[in-house]
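File shown here: final32.pdb, holding PDB, C-alpha atoms, pLDDT in the B column.
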MODEL        1
ATOM      1  CA  MET A1019      78.639 104.973 140.111  1.00 46.00           C
ATOM      2  CA  LYS A1020      81.524 106.491 142.018  1.00 54.00           C
ATOM      3  CA  LYS A1021      84.722 106.857 140.016  1.00 67.00           C
ATOM      4  CA  ILE A1022      87.993 106.265 141.752  1.00 85.00           C
ATOM      5  CA  ARG A1023      90.777 108.815 141.447  1.00 86.00           C
ATOM      6  CA  SER A1024      92.883 106.768 139.021  1.00 88.00           C
ATOM      7  CA  ASP A1025      89.928 106.617 136.588  1.00 91.00           C
ATOM      8  CA  LEU A1026      89.453 110.379 136.773  1.00 92.00           C
ATOM      9  CA  VAL A1027      93.180 110.968 136.224  1.00 93.00           C
ATOM     10  CA  ALA A1028      93.168 108.496 133.304  1.00 94.00           C
ATOM     11  CA  ASP A1029      90.251 110.307 131.624  1.00 95.00           C
ATOM     12  CA  GLU A1030      91.984 113.663 131.953  1.00 95.00           C
ATOM     13  CA  ILE A1031      95.307 112.287 130.688  1.00 96.00           C
ATOM     14  CA  ARG A1032      93.512 110.777 127.681  1.00 96.00           C
ATOM     15  CA  LYS A1033      92.051 114.185 126.793  1.00 96.00           C
ATOM     16  CA  ILE A1034      95.384 115.993 127.171  1.00 96.00           C
ATOM     17  CA  VAL A1035      97.429 113.370 125.298  1.00 96.00           C
ATOM     18  CA  SER A1036      94.867 113.264 122.496  1.00 95.00           C
ATOM     19  CA  ASP A1037      94.861 117.055 122.167  1.00 95.00           C
ATOM     20  CA  THR A1038      98.656 117.162 122.255  1.00 95.00           C
ATOM     21  CA  ILE A1039      99.071 114.507 119.553  1.00 95.00           C
ATOM     22  CA  LEU A1040      96.457 116.062 117.261  1.00 93.00           C
ATOM     23  CA  ASN A1041      97.187 119.765 117.743  1.00 93.00           C
ATOM     24  CA  LYS A1042     100.666 120.301 119.155  1.00 94.00           C
ATOM     25  CA  LEU A1043     102.785 117.464 117.815  1.00 92.00           C
ATOM     26  CA  LYS A1044     104.272 118.623 114.519  1.00 90.00           C
ATOM     27  CA  ASP A1045     105.806 115.312 113.433  1.00 91.00           C
ATOM     28  CA  PRO A1046     104.788 114.420 109.854  1.00 92.00           C
ATOM     29  CA  ARG A1047     104.962 110.700 110.703  1.00 93.00           C
ATOM     30  CA  VAL A1048     101.802 111.022 112.823  1.00 93.00           C
ATOM     31  CA  PRO A1049      98.722 110.943 110.548  1.00 91.00           C
ATOM     32  CA  LEU A1050      95.609 112.997 111.221  1.00 89.00           C
ATOM     33  CA  LEU A1051      93.593 109.859 111.950  1.00 88.00           C
ATOM     34  CA  THR A1052      95.417 109.071 115.172  1.00 92.00           C
ATOM     35  CA  SER A1053      93.478 108.804 118.406  1.00 92.00           C
ATOM     36  CA  VAL A1054      93.960 107.866 122.021  1.00 94.00           C
ATOM     37  CA  THR A1055      91.399 105.151 122.652  1.00 93.00           C
ATOM     38  CA  GLU A1056      92.097 104.482 126.313  1.00 94.00           C
ATOM     39  CA  VAL A1057      94.465 105.320 129.157  1.00 96.00           C
ATOM     40  CA  LYS A1058      95.098 103.028 132.104  1.00 95.00           C
ATOM     41  CA  VAL A1059      96.793 104.488 135.164  1.00 95.00           C
ATOM     42  CA  SER A1060      98.492 102.468 137.906  1.00 93.00           C
ATOM     43  CA  SER A1061      96.955 102.661 141.364  1.00 88.00           C
ATOM     44  CA  ASP A1062      99.820 104.833 142.655  1.00 90.00           C
ATOM     45  CA  LEU A1063      99.478 107.150 139.606  1.00 91.00           C
ATOM     46  CA  SER A1064     103.145 106.710 138.691  1.00 93.00           C
ATOM     47  CA  HIS A1065     102.589 105.025 135.313  1.00 95.00           C
ATOM     48  CA  ALA A1066     100.032 105.568 132.570  1.00 96.00           C
ATOM     49  CA  THR A1067      99.614 103.325 129.547  1.00 97.00           C
ATOM     50  CA  CYS A1068      98.106 105.144 126.563  1.00 96.00           C
ATOM     51  CA  PHE A1069      96.518 103.010 123.861  1.00 96.00           C
ATOM     52  CA  ILE A1070      96.926 104.672 120.463  1.00 95.00           C
ATOM     53  CA  SER A1071      94.886 103.858 117.366  1.00 93.00           C
ATOM     54  CA  VAL A1072      96.467 104.824 114.047  1.00 92.00           C
ATOM     55  CA  TYR A1073      94.654 104.551 110.733  1.00 87.00           C
ATOM     56  CA  GLY A1074      96.855 103.295 107.922  1.00 86.00           C
ATOM     57  CA  ASP A1075      98.988 100.388 106.830  1.00 88.00           C
ATOM     58  CA  ASP A1076     101.522  98.664 109.072  1.00 89.00           C
ATOM     59  CA  ASN A1077     104.385 100.944 108.009  1.00 93.00           C
ATOM     60  CA  VAL A1078     102.385 104.093 108.813  1.00 92.00           C
ATOM     61  CA  LYS A1079     101.428 102.666 112.209  1.00 92.00           C
ATOM     62  CA  LYS A1080     105.013 101.716 113.015  1.00 94.00           C
ATOM     63  CA  GLU A1081     106.359 105.153 112.076  1.00 95.00           C
ATOM     64  CA  ALA A1082     103.590 106.927 113.991  1.00 94.00           C
ATOM     65  CA  MET A1083     104.319 104.910 117.138  1.00 95.00           C
ATOM     66  CA  LYS A1084     108.037 105.706 116.787  1.00 96.00           C
ATOM     67  CA  ALA A1085     107.216 109.405 116.514  1.00 96.00           C
ATOM     68  CA  ILE A1086     104.907 109.312 119.531  1.00 96.00           C
ATOM     69  CA  ASP A1087     107.478 107.403 121.594  1.00 95.00           C
ATOM     70  CA  HIS A1088     110.109 109.948 120.556  1.00 95.00           C
ATOM     71  CA  ALA A1089     107.828 112.792 121.713  1.00 95.00           C
ATOM     72  CA  SER A1090     106.910 111.131 125.024  1.00 95.00           C
ATOM     73  CA  GLY A1091     108.857 113.723 127.048  1.00 95.00           C
ATOM     74  CA  PHE A1092     107.050 116.580 125.310  1.00 96.00           C
ATOM     75  CA  ILE A1093     103.690 114.873 125.802  1.00 96.00           C
ATOM     76  CA  ARG A1094     104.446 114.231 129.485  1.00 96.00           C
ATOM     77  CA  ARG A1095     105.362 117.896 129.930  1.00 96.00           C
ATOM     78  CA  GLU A1096     102.022 118.887 128.398  1.00 96.00           C
ATOM     79  CA  VAL A1097     100.265 116.599 130.891  1.00 96.00           C
ATOM     80  CA  ALA A1098     102.256 118.216 133.725  1.00 95.00           C
ATOM     81  CA  ASN A1099     101.373 121.723 132.519  1.00 95.00           C
ATOM     82  CA  ASN A1100      97.665 120.934 132.291  1.00 95.00           C
ATOM     83  CA  MET A1101      97.111 118.881 135.442  1.00 94.00           C
ATOM     84  CA  ARG A1102      97.818 119.527 139.079  1.00 91.00           C
ATOM     85  CA  LEU A1103      99.525 116.336 140.177  1.00 89.00           C
ATOM     86  CA  ARG A1104     102.344 115.944 142.641  1.00 90.00           C
ATOM     87  CA  ILE A1105     103.928 113.285 140.446  1.00 90.00           C
ATOM     88  CA  VAL A1106     103.196 113.218 136.725  1.00 93.00           C
ATOM     89  CA  PRO A1107     102.819 109.613 135.536  1.00 95.00           C
ATOM     90  CA  GLU A1108     105.447 108.122 133.274  1.00 96.00           C
ATOM     91  CA  LEU A1109     103.738 107.622 129.919  1.00 96.00           C
ATOM     92  CA  HIS A1110     103.888 104.348 128.010  1.00 96.00           C
ATOM     93  CA  PHE A1111     102.394 104.065 124.535  1.00 96.00           C
ATOM     94  CA  LYS A1112     100.912 100.911 123.030  1.00 96.00           C
ATOM     95  CA  GLN A1113      99.293 100.436 119.663  1.00 94.00           C
ATOM     96  CA  ASP A1114      95.576  99.657 119.880  1.00 89.00           C
ATOM     97  CA  ASN A1115      94.181  97.466 117.112  1.00 85.00           C
ATOM     98  CA  SER A1116      90.737  97.026 118.659  1.00 81.00           C
ATOM     99  CA  LEU A1117      88.988  99.252 116.086  1.00 78.00           C
ATOM    100  CA  GLU A1118      90.447  97.268 113.193  1.00 80.00           C
ATOM    101  CA  GLU A1119      89.622  94.011 114.940  1.00 84.00           C
ATOM    102  CA  ALA A1120      86.024  95.177 115.424  1.00 84.00           C
ATOM    103  CA  ALA A1121      85.791  96.090 111.726  1.00 83.00           C
ATOM    104  CA  ARG A1122      87.207  92.691 110.737  1.00 87.00           C
ATOM    105  CA  ILE A1123      84.677  90.905 112.962  1.00 92.00           C
ATOM    106  CA  GLY A1124      81.856  93.034 111.515  1.00 91.00           C
ATOM    107  CA  ARG A1125      82.893  92.106 107.965  1.00 92.00           C
ATOM    108  CA  ARG A1126      83.045  88.424 108.920  1.00 93.00           C
ATOM    109  CA  ILE A1127      79.541  88.594 110.452  1.00 94.00           C
ATOM    110  CA  ASP A1128      78.230  90.207 107.244  1.00 92.00           C
ATOM    111  CA  GLU A1129      79.842  87.416 105.190  1.00 92.00           C
ATOM    112  CA  VAL A1130      78.231  84.715 107.348  1.00 92.00           C
ATOM    113  CA  ILE A1131      74.810  86.391 107.137  1.00 93.00           C
ATOM    114  CA  ALA A1132      75.092  86.663 103.336  1.00 90.00           C
ATOM    115  CA  GLU A1133      76.112  83.002 103.110  1.00 91.00           C
ATOM    116  CA  ASP A1134      73.158  81.953 105.294  1.00 89.00           C
ATOM    117  CA  GLU A1135      70.748  83.969 103.130  1.00 89.00           C
ATOM    118  CA  ARG A1136      72.191  82.386  99.971  1.00 89.00           C
ATOM    119  CA  LYS A1137      71.762  78.879 101.432  1.00 87.00           C
ATOM    120  CA  ALA A1138      68.185  79.675 102.502  1.00 85.00           C
ATOM    121  CA  ARG A1139      67.338  80.844  98.978  1.00 86.00           C
ATOM    122  CA  LEU A1140      68.801  77.641  97.524  1.00 84.00           C
ATOM    123  CA  ARG A1141      66.748  75.531  99.950  1.00 83.00           C
ATOM    124  CA  ASN A1142      63.582  77.461  99.055  1.00 81.00           C
ATOM    125  CA  ASN A1143      64.258  77.068  95.330  1.00 79.00           C
ATOM    126  CA  SER A1144      64.896  73.325  95.616  1.00 75.00           C
ATOM    127  CA  ALA A1145      61.782  72.871  97.813  1.00 69.00           C
ATOM    128  CA  ASP A1146      59.630  74.682  95.206  1.00 67.00           C
ATOM    129  CA  ALA A1147      60.855  72.481  92.381  1.00 60.00           C
TER     130      ALA A1147
ENDMDL
END

Translate this file's structure into structure tokens.
Amino acid sequence: MKKIRSDLVADEIRKIVSDTILNKLKDPRVPLLTSVTEVKVSSDLSHATCFISVYGDDNVKKEAMKAIDHASGFIRREVANNMRLRIVPELHFKQDNSLEEAARIGRRIDEVIAEDERKARLRNNSADA
């Protein structure tokens, strides 16, 4: 399948932003388990929305997002230094809770399966009696 230019730029920005946050950003508010899950770039390549996943409680997430927002100029400069673009997209950061949501749904599915198995055992026991 042919990728359009904005998808290619988004993939490259995701790699650079991820590397910058993990290896070059020295802010102690950003935990090691921080990742860039996705980047969406506007069709004119002037804006890029980076979805950030942070592992930790709500306070840790809030502080990490503040730190990343504060470093947005530095991160944008790293993108500019590593990519050949006429205009470097303005970076916007949003917290991504999709991994936690997926884990919550997985736990709920496990609970429902366990409940169904328990009910099946009760039916089998009452049928045998």

What separates atom CA of Met1083 of chain A and atom CA of Ser1053 of chain A is a distance of 11.6 Å

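Compared by their closest atoms to Arg1032 of chain A, and using all atoms listed in the file, the residues A:Asp1045, A:Tyr1073, A:Met1101, A:Ser1061 rank with A:Met1101 nearest.
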
Which residues come within 8 Å of Leu1040 of chain A, counting only C-alpha atoms, excluding same-chain residues fewer than 2 positions away, as a list in words? Ser1036, Asp1037, Thr1038, Lys1042, Leu1043, Leu1050, Thr1052 and Ser1053 of chain A

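Atom CA of Asp1128 of chain A sits 26.5 Å away from atom CA of Gln1113 of chain A.
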
Taking all atoms of segment 1040-1059 of chain A that the file lists and extending 6 Å past them on each side, where is the centre of the axis-aligned box and how long are its edges? Answer in Å to one decimal, as lines of an AutoDock Vina configuration file.
center_x = 98.6
center_y = 111.7
center_z = 122.5
size_x = 26.4
size_y = 29.3
size_z = 37.3

Report the residues retrieved by the PyMOL selection byres ((chain A and resi 1070) around 8) from the displayed file, expressed as a PyMOL selection string. chain A and resi 1052-1056+1068-1069+1071-1072+1111-1114

What gap, in Å, lies between atom CA of Val1048 of chain A and atom CA of Ala1082 of chain A? 4.6 Å

I would like the residues chosen by the PyMOL selection byres ((chain A and resi 1066) around 9) on the shown file; could you give them as a ChimeraX atom specification? /A:1028,1031,1057-1060,1063-1065,1067-1068,1107-1111

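Applied to the shown file, the PyMOL selection byres ((chain A and resi 1094) around 8) selects the residues A:Ser1090, A:Gly1091, A:Phe1092, A:Ile1093, A:Arg1095, A:Glu1096, A:Val1097, A:Ala1098, A:Val1106, A:Pro1107, A:Glu1108, A:Leu1109.
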
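Distance check against Asn1100 of chain A using all atoms listed in the file: of A:Lys1044, A:Lys1079, A:Lys1033, A:Lys1084, the minimum falls on A:Lys1033.
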